[in-house]
$ cat target03.cif   # mmCIF, C-alpha atoms
data_target
loop_
_atom_site.label_atom_id
_atom_site.label_comp_id
_atom_site.auth_asym_id
_atom_site.auth_seq_id
_atom_site.Cartn_x
_atom_site.Cartn_y
_atom_site.Cartn_z
CA MET A 1 -14.99 -64.74 65.21
CA TRP A 2 -12.49 -64.89 68.05
CA LEU A 3 -8.71 -64.80 68.00
CA ARG A 4 -6.66 -66.15 70.88
CA THR A 5 -3.93 -63.64 71.64
CA ALA A 6 -0.47 -64.05 73.15
CA ASN A 7 -2.15 -64.08 76.56
CA PRO A 8 -3.85 -67.53 76.63
CA ASP A 9 -6.52 -66.26 79.00
CA THR A 10 -7.57 -63.38 76.74
CA ARG A 11 -9.57 -63.44 73.49
CA THR A 12 -10.19 -60.37 71.38
CA ARG A 13 -12.79 -59.70 68.73
CA LEU A 14 -11.19 -59.79 65.29
CA ASP A 15 -12.13 -57.05 62.82
CA VAL A 16 -10.63 -55.33 59.77
CA SER A 17 -9.37 -52.38 61.78
CA ASP A 18 -7.46 -54.53 64.27
CA LEU A 19 -5.02 -57.39 63.79
CA THR A 20 -6.85 -58.65 60.72
CA ALA A 21 -6.03 -55.44 58.88
CA LYS A 22 -2.36 -55.98 59.59
CA VAL A 23 -2.46 -59.61 58.43
CA LEU A 24 -4.49 -58.73 55.35
CA ALA A 25 -2.15 -55.88 54.55
CA GLN A 26 0.70 -58.37 54.50
CA LYS A 27 -1.35 -60.39 52.05
CA GLY A 28 -2.16 -57.36 49.95
CA CYS A 29 -5.85 -58.14 50.46
CA ALA A 30 -8.58 -55.77 51.58
CA LYS A 31 -11.17 -58.40 52.49
CA SER A 32 -11.85 -59.32 56.08
CA LEU A 33 -11.80 -62.83 57.44
CA PRO A 34 -15.27 -64.41 57.27
CA GLU A 35 -17.26 -65.06 60.42
CA LEU A 36 -16.38 -68.42 61.96
CA PRO A 37 -19.14 -70.85 62.95
CA GLY A 38 -19.55 -71.80 66.60
CA GLY A 39 -17.09 -74.26 68.08
CA CYS A 40 -14.01 -72.79 66.37
CA TYR A 41 -11.41 -70.19 67.20
CA LEU A 42 -8.12 -68.93 65.82
CA GLU A 43 -4.68 -68.82 67.40
CA ARG A 44 -2.06 -66.54 65.97
CA GLU A 45 1.51 -67.80 65.83
CA PRO A 46 4.48 -66.27 64.00
CA ASP A 47 3.58 -66.15 60.30
CA MET A 48 0.71 -68.54 60.85
CA LEU A 49 -2.95 -68.73 61.85
CA VAL A 50 -4.04 -71.98 63.50
CA LEU A 51 -7.71 -72.95 63.36
CA ARG A 52 -8.85 -75.07 66.31
CA ARG A 53 -11.99 -76.49 67.84
CA THR A 54 -12.89 -75.24 71.29
CA ASP A 55 -11.47 -78.46 72.75
CA GLY A 56 -8.06 -77.42 71.39
CA SER A 57 -7.88 -80.00 68.56
CA LEU A 58 -6.26 -78.83 65.34
CA LEU A 59 -8.42 -78.26 62.27
CA ALA A 60 -6.03 -76.47 59.91
CA ALA A 61 -3.04 -74.15 59.72
CA PHE A 62 -2.76 -71.19 57.36
CA SER A 63 0.07 -68.95 56.33
CA SER A 64 -0.56 -65.37 57.38
CA ARG A 65 1.24 -64.27 54.23
CA GLY A 66 0.18 -66.68 51.53
CA ASP A 67 -3.33 -68.03 52.10
CA PRO A 68 -6.45 -66.01 51.24
CA PRO A 69 -8.65 -65.16 54.24
CA GLU A 70 -11.61 -67.04 52.78
CA ALA A 71 -9.71 -70.30 53.34
CA VAL A 72 -10.13 -69.94 57.11
CA GLY A 73 -13.90 -69.72 56.94
CA TRP A 74 -14.19 -72.52 54.43
CA ALA A 75 -12.07 -74.85 56.54
CA ALA A 76 -14.16 -74.05 59.64
CA GLU A 77 -17.44 -74.61 57.82
CA GLU A 78 -16.23 -77.86 56.30
CA ALA A 79 -15.27 -79.13 59.74
CA GLY A 80 -18.59 -78.03 61.23
CA HIS A 81 -20.84 -79.30 58.44
CA GLY A 82 -19.07 -82.38 57.19
CA GLY A 83 -17.77 -80.68 54.08
CA ALA A 84 -21.24 -80.29 52.53
CA PHE A 85 -20.74 -77.29 50.27
CA ALA A 86 -20.80 -78.80 46.80
CA ASP A 87 -22.31 -75.62 45.37
CA ARG A 88 -19.26 -73.60 46.31
CA ARG A 89 -15.93 -73.42 44.55
CA GLU A 90 -13.09 -75.46 45.99
CA ALA A 91 -11.46 -73.81 48.97
CA PRO A 92 -7.74 -73.09 48.86
CA ALA A 93 -5.74 -75.76 50.63
CA ALA A 94 -4.56 -75.18 54.17
CA LEU A 95 -0.86 -74.89 54.83
CA PRO A 96 0.68 -78.40 54.64
CA LEU A 97 1.69 -79.76 58.00
CA GLY A 98 5.35 -79.52 57.10
CA PRO A 99 7.86 -82.28 56.45
CA ALA A 100 7.33 -85.60 58.18
CA LEU A 101 9.34 -86.67 61.21
CA ARG A 102 9.29 -90.27 62.38
CA THR A 103 10.13 -91.14 65.99
CA ASN A 104 11.42 -94.56 67.00
CA PHE A 105 10.88 -95.05 70.73
CA PHE A 106 11.53 -98.80 70.72
CA GLY A 107 15.13 -99.62 71.54
CA ARG A 108 17.60 -96.85 70.80
CA PHE A 109 15.81 -93.51 70.35
CA GLU A 110 15.86 -92.25 66.78
CA LEU A 111 14.41 -89.29 64.92
CA LEU A 112 14.08 -89.71 61.17
CA ARG A 113 13.36 -87.23 58.37
CA ASP A 114 12.29 -88.85 55.09
CA GLY A 115 13.75 -92.14 56.29
CA GLU A 116 17.13 -90.66 57.19
CA ILE A 117 18.32 -90.58 60.81
CA VAL A 118 18.63 -87.03 62.14
CA PRO A 119 21.86 -86.30 64.10
CA LEU A 120 20.75 -85.36 67.61
CA GLY A 121 23.85 -83.57 68.82
CA ARG A 122 25.31 -83.70 72.32
CA ASN A 123 23.03 -81.39 74.31
CA ALA A 124 21.55 -83.90 76.77
CA ARG A 125 18.97 -81.48 78.17
CA ALA A 126 17.71 -80.50 74.72
CA LEU A 127 17.44 -84.18 73.79
CA ALA A 128 15.55 -84.98 77.01
CA ILE A 129 13.06 -82.18 76.26
CA LEU A 130 12.65 -83.42 72.69
CA LYS A 131 11.84 -86.94 73.86
CA TYR A 132 9.31 -85.65 76.36
CA LEU A 133 7.62 -83.31 73.87
CA LEU A 134 7.36 -86.14 71.35
CA ALA A 135 5.97 -88.55 73.91
CA ARG A 136 3.51 -85.98 75.33
CA ARG A 137 2.69 -84.14 72.12
CA ALA A 138 -1.07 -84.01 72.73
CA ARG A 139 -0.76 -80.92 74.96
CA PRO A 140 1.84 -78.32 76.01
CA VAL A 141 4.34 -79.43 78.65
CA PRO A 142 4.38 -76.93 81.55
CA GLN A 143 7.52 -74.83 81.84
CA ASP A 144 7.63 -75.38 85.61
CA TYR A 145 7.58 -79.15 85.17
CA LEU A 146 10.58 -79.07 82.84
CA MET A 147 12.52 -76.83 85.23
CA ASP A 148 11.76 -79.01 88.27
CA TRP A 149 12.61 -82.19 86.34
CA LEU A 150 15.85 -81.14 84.66
CA TRP A 151 17.21 -78.57 87.14
CA PRO A 152 15.77 -79.61 90.53
CA GLU A 153 18.60 -78.06 92.54
CA SER A 154 18.71 -74.72 90.73
CA ALA A 155 17.03 -71.50 91.79
CA THR A 156 14.00 -70.55 89.68
CA LYS A 157 15.79 -67.80 87.77
CA ARG A 158 18.76 -70.02 86.98
CA ALA A 159 16.51 -72.95 86.00
CA ARG A 160 14.49 -70.74 83.65
CA TRP A 161 17.67 -69.47 81.99
CA SER A 162 18.90 -73.05 81.59
CA LEU A 163 15.56 -74.13 80.12
CA ASN A 164 15.58 -71.24 77.64
CA SER A 165 19.08 -72.23 76.59
CA ALA A 166 18.09 -75.88 76.10
CA VAL A 167 14.98 -74.94 74.12
CA TYR A 168 17.09 -72.66 71.92
CA ALA A 169 19.43 -75.60 71.22
CA LEU A 170 16.43 -77.83 70.46
CA ARG A 171 14.96 -75.29 68.04
CA LYS A 172 18.31 -75.04 66.30
CA LEU A 173 18.49 -78.84 66.02
CA LEU A 174 14.98 -79.12 64.57
CA GLY A 175 15.46 -76.13 62.31
CA GLY A 176 18.47 -77.85 60.79
CA CYS A 177 16.39 -80.84 59.67
CA LEU A 178 13.26 -78.84 58.80
CA PRO A 179 14.52 -76.18 56.37
CA SER A 180 10.98 -75.21 55.33
CA LEU A 181 10.15 -74.15 58.89
CA PRO A 182 12.01 -71.35 60.73
CA ALA A 183 13.89 -72.71 63.73
CA SER A 184 12.07 -70.31 66.05
CA GLU A 185 8.73 -71.87 65.05
CA THR A 186 9.62 -75.53 65.60
CA VAL A 187 8.98 -75.40 69.36
CA LEU A 188 6.16 -73.12 70.52
CA PHE A 189 5.51 -71.61 73.94
CA GLU A 190 1.86 -71.22 74.89
CA LYS A 191 -0.30 -71.46 78.00
CA GLY A 192 2.82 -71.56 80.15
CA GLY A 193 4.21 -74.62 78.38
CA TYR A 194 6.11 -75.88 75.36
CA ARG A 195 4.93 -78.00 72.46
CA LEU A 196 6.10 -78.92 68.99
CA SER A 197 4.66 -76.91 66.14
CA PRO A 198 1.44 -78.35 64.65
CA ARG A 199 2.98 -77.71 61.23
CA ILE A 200 5.36 -80.63 61.83
CA SER A 201 3.81 -83.92 60.73
CA LEU A 202 4.74 -86.47 63.39
CA SER A 203 4.49 -90.24 63.58
CA ALA A 204 5.91 -92.80 66.00
CA ASP A 205 6.63 -96.51 66.00
CA THR A 206 4.71 -96.87 69.27
CA ASP A 207 1.58 -95.39 67.67
CA GLU A 208 1.84 -97.81 64.75
CA PHE A 209 2.46 -100.68 67.17
CA ASP A 210 -0.72 -99.87 69.12
CA SER A 211 -2.71 -99.39 65.93
CA ARG A 212 -1.68 -102.72 64.45
CA PHE A 213 -2.33 -104.55 67.71
CA ALA A 214 -5.80 -103.02 67.96
CA GLU A 215 -6.59 -103.82 64.33
CA GLY A 216 -5.38 -107.40 64.83
CA ARG A 217 -7.67 -107.88 67.83
CA ARG A 218 -10.58 -106.46 65.87
CA LEU A 219 -9.93 -108.83 62.96
CA GLU A 220 -9.48 -111.81 65.28
CA GLU A 221 -12.77 -111.10 67.05
CA ALA A 222 -14.47 -110.91 63.64
CA GLY A 223 -13.08 -114.32 62.71
CA TRP A 224 -10.43 -113.07 60.27
CA VAL A 225 -7.60 -114.90 62.00
CA PRO A 226 -4.95 -115.00 59.22
CA GLU A 227 -5.44 -111.28 58.62
CA ALA A 228 -5.17 -110.65 62.35
CA VAL A 229 -1.94 -112.64 62.51
CA ALA A 230 -0.48 -110.51 59.70
CA GLU A 231 -1.16 -107.39 61.80
CA TYR A 232 0.34 -109.03 64.91
CA GLU A 233 3.48 -109.97 63.01
CA LYS A 234 3.92 -106.42 61.69
CA ALA A 235 3.49 -105.06 65.21
CA VAL A 236 6.14 -107.46 66.54
CA GLU A 237 8.57 -106.32 63.84
CA LEU A 238 8.30 -102.78 65.18
CA TYR A 239 9.44 -103.82 68.66
CA ARG A 240 13.21 -103.31 68.31
CA GLY A 241 13.71 -103.20 72.06
CA ASP A 242 12.10 -101.83 75.19
CA TYR A 243 10.62 -98.34 75.17
CA LEU A 244 13.34 -95.66 75.47
CA VAL A 245 15.81 -98.25 76.72
CA GLU A 246 18.44 -95.53 77.20
CA ASP A 247 16.17 -93.84 79.75
CA LEU A 248 15.39 -96.79 82.02
CA TYR A 249 15.72 -94.71 85.19
CA GLU A 250 13.54 -91.80 84.10
CA ASP A 251 10.33 -92.09 86.11
CA TRP A 252 8.11 -90.78 83.32
CA THR A 253 9.09 -93.65 81.00
CA VAL A 254 8.31 -96.52 83.38
CA ILE A 255 4.54 -96.87 82.98
CA GLU A 256 4.62 -96.63 79.19
CA ARG A 257 7.50 -99.11 79.03
CA GLU A 258 5.58 -101.63 81.15
CA ARG A 259 2.42 -101.15 79.09
CA LEU A 260 4.21 -101.74 75.80
CA THR A 261 6.19 -104.69 77.14
CA ASP A 262 2.98 -106.35 78.34
CA ALA A 263 1.38 -105.76 74.94
CA TYR A 264 4.44 -107.22 73.21
CA ARG A 265 4.30 -110.35 75.36
CA GLU A 266 0.61 -110.77 74.64
CA LEU A 267 1.22 -110.39 70.93
CA LEU A 268 3.93 -113.03 70.98
CA HIS A 269 1.76 -115.44 72.98
CA ARG A 270 -1.14 -115.03 70.53
CA LEU A 271 1.22 -115.75 67.66
CA ALA A 272 2.76 -118.76 69.40
CA VAL A 273 -0.69 -120.28 69.99
CA TYR A 274 -1.65 -119.65 66.36
CA TYR A 275 1.55 -121.26 65.05
CA MET A 276 0.96 -124.33 67.21
CA LYS A 277 -2.67 -124.68 66.11
CA THR A 278 -1.74 -124.36 62.44
CA GLY A 279 0.95 -127.03 62.48
CA GLN A 280 4.00 -124.80 62.90
CA PRO A 281 5.47 -126.04 66.21
CA ARG A 282 9.03 -124.94 65.45
CA GLU A 283 7.89 -121.38 64.79
CA SER A 284 5.84 -121.55 67.98
CA VAL A 285 8.95 -122.63 69.92
CA ARG A 286 10.95 -119.66 68.64
CA THR A 287 8.14 -117.29 69.55
CA CYS A 288 7.73 -118.78 73.03
CA TYR A 289 11.40 -118.22 73.76
CA ARG A 290 10.96 -114.54 72.91
CA VAL A 291 8.18 -114.37 75.50
CA LEU A 292 10.39 -115.98 78.15
CA GLU A 293 13.15 -113.46 77.41
CA LYS A 294 10.73 -110.86 78.79
CA ASP A 295 9.23 -112.97 81.57
CA ARG A 296 10.86 -116.23 82.54
CA CYS A 297 7.96 -117.00 84.88
CA ASP A 298 5.24 -116.98 82.19
CA GLU A 299 3.75 -120.36 83.01
CA ASP A 300 1.35 -120.48 80.07
CA THR A 301 4.31 -120.08 77.73
CA HIS A 302 6.29 -122.81 79.50
CA ARG A 303 3.33 -125.17 79.13
CA LEU A 304 2.90 -124.27 75.45
CA LEU A 305 6.58 -125.02 74.89
CA MET A 306 6.08 -128.43 76.50
CA GLU A 307 3.21 -129.07 74.08
CA CYS A 308 5.39 -128.03 71.14
CA PHE A 309 8.18 -130.38 72.15
CA VAL A 310 5.75 -133.28 72.54
CA CYS A 311 4.38 -132.48 69.06
CA LEU A 312 7.93 -132.58 67.71
CA GLY A 313 8.57 -135.92 69.44
CA GLN A 314 11.02 -134.35 71.90
CA ARG A 315 9.52 -135.48 75.21
CA ALA A 316 12.81 -135.16 77.11
CA ARG A 317 12.91 -131.46 76.22
CA ALA A 318 9.30 -131.13 77.38
CA LEU A 319 10.26 -132.56 80.77
CA ARG A 320 13.27 -130.24 81.02
CA GLN A 321 11.02 -127.32 80.18
CA TYR A 322 8.78 -128.21 83.11
CA ARG A 323 11.75 -128.25 85.46
CA TRP A 324 12.86 -124.86 84.15
CA CYS A 325 9.36 -123.53 84.81
CA GLU A 326 9.30 -125.06 88.29
CA ARG A 327 12.68 -123.56 89.18
CA ALA A 328 11.83 -120.09 87.86
CA LEU A 329 8.54 -119.90 89.79
CA LYS A 330 10.17 -121.07 93.01
CA GLN A 331 13.09 -118.63 92.77
CA GLU A 332 10.95 -115.65 91.80
CA TYR A 333 7.76 -116.17 93.78
CA GLY A 334 8.23 -119.18 96.04
CA MET A 335 5.44 -120.92 94.10
CA THR A 336 4.92 -124.24 92.36
CA PRO A 337 3.42 -124.70 88.88
CA SER A 338 -0.35 -124.80 88.57
CA LEU A 339 -2.37 -128.02 88.66
CA GLN A 340 -2.85 -127.82 84.89
CA THR A 341 0.90 -127.66 84.23
CA ARG A 342 1.69 -130.41 86.75
CA ALA A 343 -0.97 -132.64 85.18
CA PHE A 344 0.52 -132.18 81.73
CA TYR A 345 3.98 -132.93 83.10
CA ALA A 346 2.68 -136.14 84.69
CA LYS A 347 1.08 -137.15 81.40
CA VAL A 348 4.31 -136.61 79.45
CA LEU A 349 6.31 -138.44 82.13
CA LYS A 350 3.93 -141.40 81.99
CA GLU A 351 4.02 -141.63 78.19
CA ARG A 352 7.76 -141.25 77.93
#

$ encode --input "target03.cif" --output "structure tokens"
Amino acid sequence: MWLRTANPDTRTRLDVSDLTAKVLAQKGCAKSLPELPGGCYLEREPDMLVLRRTDGSLLAAFSSRGDPPEAVGWAAEEAGHGGAFADRREAPAALPLGPALRTNFFGRFELLRDGEIVPLGRNARALAILKYLLARRARPVPQDYLMDWLWPESATKRARWSLNSAVYALRKLLGGCLPSLPASETVLFEKGGYRLSPRISLSADTDEFDSRFAEGRRLEEAGWVPEAVAEYEKAVELYRGDYLVEDLYEDWTVIERERLTDAYRELLHRLAVYYMKTGQPRESVRTCYRVLEKDRCDEDTHRLLMECFVCLGQRARALRQYRWCERALKQEYGMTPSLQTRAFYAKVLKER
């Protein structure tokens, strides 16, 4: 079995006479840790052993003071063999992944603990680091990147001191809302970078948004359209505003903001089409307007609005909608509406 040490490039063999003896002594236990199967390794963090696959993914976390050593081996074997050990007694549970934190990236940034908004304080650098760690929580964020981003004009020594100070403030902030986790363990430094502790259970509105959109598409492709629409509607409810709207000029937010905005527009368009097809033209109109708030040149949405107005017997509004579409395309792109849209306009004009 291998233990990753404080030096991320060094692994040492774990035996009873080495670090294991110290950990087991703290437990008051004389047994050694069992041999791990291939594909797993341990990382030691303050008061905690973290069991990972070789690709770095988390399998379990164990208290170095409270969990019996057998739990590590059982967790590794269960992961490697699909949990097929019915003839063995139940393994002790791994350390719970701490209290849950919910991140709202849509609109105004919020961090919630058990549904209550966490006060974020006034340290702008600490808050910027928190947002980045939450958004890039899959892997450690390099120390050098944070220094270059937040203190580009400072000398290396000064930038490192400033970063340490900001991280200290961030740990203090998180420690205040996570009383079961020491503040020093909320943000970890490893492999030359920072990351949030794996003991903190994290969720985000953007993850739920993506999940519901994906599930809706899957259901729609399978022919379960009403069920798909229910998922689309729940995803739309999550979109309280653009991604990290308070950080519009931060380069690292731009691509994700555009991706989520495009997905939001697509969701709304799918819903608008569904409402129109199912005899809900007024609901379709309201949804179309939400699309045009994001992109006033969305020609398909303009044309769908024209169809809705015709369905409602409001042909004059359909004609005005065409002129709005024509004006928007000309001002933005120097273009005219497509042949399909012009043909529909001519049909409405003729039947007026």

$ atom_distance --input "target03.cif" --atom1 "CA of Arg122 in chain A" --atom2 "CA of Leu244 in chain A"
17.2 Å

$ atom_distance --input "target03.cif" --atom1 "CA of Cys297 in chain A" --atom2 "CA of Arg257 in chain A"
18.8 Å

$ residues_around --input "target03.cif" --residues "range 312-328 of chain A" --least-positions-apart "6" --cutoff "8 Å" --atoms "all atoms listed in the file" --output "number ranges by chain"
A: 281, 296-297, 299, 302-303, 305-306, 336-337, 341, 345, 348-349, 352

$ closest_residue --input "target03.cif" --among "A:Gly107, A:Gly115, A:Gln331, A:Leu292" --to "Leu260 in chain A" --atoms "all atoms listed in the file"
A:Gly107

$ resolve_selection --input "target03.cif" --expression "the PyMOL selection byres ((chain A and resi 168) around 12)" --output "PyMOL selection string"
chain A and resi 123+125-127+129-130+161-167+169-175+183-189+194

$ closest_residue --input "target03.cif" --among "A:Asp205, A:Asp144, A:Glu307, A:Glu233" --to "Thr156 in chain A" --atoms "all atoms listed in the file"
A:Asp144

$ resolve_selection --input "target03.cif" --expression "the PyMOL selection byres ((chain A and resi 111) around 12)" --output "ChimeraX atom specification"
/A:100-106,108-110,112-121,127,130-131,134,173-174,177,202-205

$ closest_residue --input "target03.cif" --among "A:Glu351, A:Asp242, A:Asp247, A:Glu153" --to "Thr261 in chain A" --atoms "only C-alpha atoms"
A:Asp242

$ atom_distance --input "target03.cif" --atom1 "CA of Arg217 in chain A" --atom2 "CA of Cys288 in chain A"
19.6 Å

$ residues_near_point --input "target03.cif" --point "(21.6, -89.2, 79.9)" --cutoff "8 Å" --atoms "only C-alpha atoms" --output "MDAnalysis selection string"
chainID A and resid 124 128 246:247

$ closest_residue --input "target03.cif" --among "A:Glu256, A:Asp148, A:Lys191, A:Cys311" --to "Arg282 in chain A" --atoms "all atoms listed in the file"
A:Cys311

$ closest_residue --input "target03.cif" --among "A:Pro226, A:Gly193, A:Gly279, A:Pro198" --to "Gln143 in chain A" --atoms "all atoms listed in the file"
A:Gly193

$ closest_residue --input "target03.cif" --among "A:Ala230, A:Glu250, A:Asp207, A:Ala235" --to "Trp149 in chain A" --atoms "all atoms listed in the file"
A:Glu250

$ resolve_selection --input "target03.cif" --expression "the PyMOL selection byres ((chain A and resi 262-265) around 9)" --output "list in words"
Asp210, Phe213, Ala235, Val236, Tyr239, Arg257, Glu258, Arg259, Leu260, Thr261, Glu266, Leu267, Leu268, His269, Arg270, Arg290, Val291, Leu292, Lys294 and Asp295 of chain A
